[in-house]
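Visitor: This is the structure I have questions about; it appears just below.
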Amino acid sequence: MDNKIKLTVSHAPFWHDGDSICKMNLHIMLAAMPAVIFGIVQFGMPALGVILLAVSSSMFFELIMNFATKRSLSTGDFDAALIGLLFGMMLPATTPWWVVVIGAFVAIVIGKQIYGGIGANPFNPVLVGVAILMVSWPGYFDSDAALLNYQFDFKALAPLAALKHQGVSAIDFFPIKTLIMGQQVGTIGTNFGLGLILGGIFLIIKGYIRWEITISYIAGIIITALIFNLSNSGSYAGPMFHLFSGYTLFGAIFLATENSSSPVNLIPMLIYGFLGGLMVILIRNLGAYPDGTVFAILLINLINPLIDYIRPKALGRGVNNA
Amino acid sequence: MIKRPFTGLSQPKLKYDSVESDPKGPETVLMPSNILLLLNDSLDSLRTSLIKKEDQVKKGEKLSLYTESTEYVISPVSGVIKKIESYPGEFGNIKTYLVIGTEENDDFVNDFEEHADKFELEAAAKLLKSLPGAPPFETLIDPTKKIHTLVISGVDEDLASTTRQYFLSTAPEDLKEGIKILQNLTKIPKIILTVPEGFNVEFEISGMQVFNISSFYPNALPEMIMKNQLKTTVPQGKTCEDIGVCFISSEAVVSIAKACRDKKVHFEKLVCVTGKDGVQKRIKTSIGTPVKSIFKHLNIHTNKNDRIVIGGPFKGFSVFTIYHPVQPCMDSIIVQDAGIIPFVSDSACINCGKCIKICPANIPVNLLVRQLEANLFEEAKETFDLESCIECGLCSYVCTAKIPIFQYIRLGKHELLKMKTETEKEGANG
């Protein structure tokens, strides 16, 4: 049995479906493109600058952490790029460069790498970055102030802030159609409802996000907002307004579905998504923040490990028919 | 290789290969001058073995290493033993291989002849274990198993093989005869024949039921047949045999029928070979023929870093040498070019949930793999259902992070077994 040829020996299975982390992240980035391009068209070069800075600084911090922790380079899986892109999409176009860099640092280093990198983060890294910025420099997240120098051919008011400060009468400024088409003051990549929905449908069909989370999150928004609206339509806006304004759709499609911080079993996914939607509306209607998406999703990230214990019984567990 | 479907919403459809309606007969691959036999027993330098280098062996001679060994092989040729050496198998399991140089003579030892008319299970276990198809006589004579159901598999368990279906559709008479022999021999009351969906069984035997098996992987695996057709769940850590159900391939049943009819054992094994181009061919060759001879016959060239898979793409194993011999249980061979071998990675689990969706045993694979990576085998067993795994390999197939999950699972089970035997040994020693 003299062996002249060295063969590859490895464990079964010998086939793979050809998927990879890199492919998955590129698909998610592709799905985000309609909203990003719309944002760049609407807000011009500053928006492009913010997006590019967010992506590049995220990749840079990932690289630094790879060296610092002496691990193999992981920028090639595009996870850091994706975090950067989503983070950039959540910022107003005029955000100063140092805010972007600090946010990217927090997202990558504190949100992802200190837990051990990809797959180990208990919270969505994008939201960790955004939440720290929101609490530290709330001024930069005030879209009305940030976009003061812009001229728009639609009502130049951030819809959720207007609702918070002016009451339900303010929603008359924002017909649903204009909201869906992105005709609203807000951040770079989260306004264009139609683009986000198209991206979401693409990801659901391709199986890169779990539809159960997106659908139950949207159901949570609609049902909770409807209950508030029906109980007192004078104080609370209707479900459609909530669905198409602020970070809602972006949260449902790109944030709540982040793999590592969300559950994987059916019932937990439904609970997780629904609670997310519920929390968003509770914070918007009863809390202090105009938009509750960031904190709502961080909260459901927190309960993820607990609810993911609800799972079907494994084959043969507790069976005793021997 | 079956790739991810364009839409990721539905599960990948892994359809079993089905045998053609009028199957082509196999090509015959001639035995080379040197053949190899694998013996599932390890060499012990402290004992003198029954067989040694330069010994003459006759065709049909039963070869085992030591007097008390239960493991044996039947030599398919007459000749001289040229080499006896160790052969490293999976998880440190050491086997022994013999190289026999064939010689032209008609000596034939036929131990089975005297038993052929009326034989007992014990005799069958001693003489017929290495028939093509590897009939599980050892399980059938095991007094601890209490087998009450015998399942004849007319369906192939893994993809890229139609061997069992071939016998089902081309040798119904032999199959019927074999089933009757087994019925008389084992006195097992319940006999089940599994066939692919839409297949009509032309014969009837009293006491035999026919089950149609779905044509998608992993529905033909024993544990899935137990769950879907027999409506019995195998408890964690147990096997189908432990709860009284024994599986036997259609080829083994046909081999038993032939052996009884001809009053001698035979060595011709049917193998499905999938070449690098993905074309599947059916060949017939003697047990002991190195796979190299098959490749030569089929014009398959193996180069550096290619992979030779014995068994299917999901449950098979890869070998390190092109001299690996054809064995009684080898239904298929796949040759993969170095360029298409998918990588595995040491990436962490990203929690995408694809394994959870595809796992037929409802195992929390995402959590299990974290325990196994950290060598927490007890924890994996108690909390994360390691022993529910039916070893279908689908989790590794769909894994986005390309983690070798199946390997981790097998390793975990192996380590647990090792721990168990060690504790038992300690207990026995006081």
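Starting from 1 in every chain, residues are counted up; chains themselves are A, B, ... following the order of the structure tokens, and ligands are numbered from 1 as listed.
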Quick one: which residues from chain A are at most 8 Å off chain B, using only C-alpha atoms, as a ChimeraX atom specification?
Guide: /A:1,3,5-21,24,118-120,204-208,259-260,264-265,311-322
Visitor: Find the spatial neighbours of range 278-286 of chain A, counting only C-alpha atoms, within a cut-off of 8 Å - ignore same-chain residues fewer than 4 positions away - and output them as a PyMOL selection string.
Guide: chain A and resi 164+217+220-221+224-225+236+242+274+290-293+295-296
Visitor: Considering only strand (DSSP E) as DSSP defines it on the backbone, what residues of range 182-426 of chain B qualify? List them as a ChimeraX atom specification.
Guide: /B:190-196,208-213,245-249,268-274,280-286,307-310,317-319,332-336
Visitor: Rounded to one decimal place, report the CA of Cys272 in chain B-CA of Ser161 in chain B distance in Å.
Guide: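 These two atoms are separated by 5.6 Å.
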Visitor: Which residues, written as a PyMOL selection string, have at least one atom at most 8 Å from range 65-80 of chain B, with only C-alpha atoms counted and residues fewer than 5 positions away on the same chain left out?
Guide: chain B and resi 37-41+43+48-51+53-60+100-108+130+266-267+286-288
Visitor: Restricting the calculation to only C-alpha atoms, which member of A:Ile267, A:Leu230, A:Ala107, A:Leu198 is positioned closest to Ile253 in chain A?
Guide: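 Closest residue, counting only C-alpha atoms: A:Leu198.
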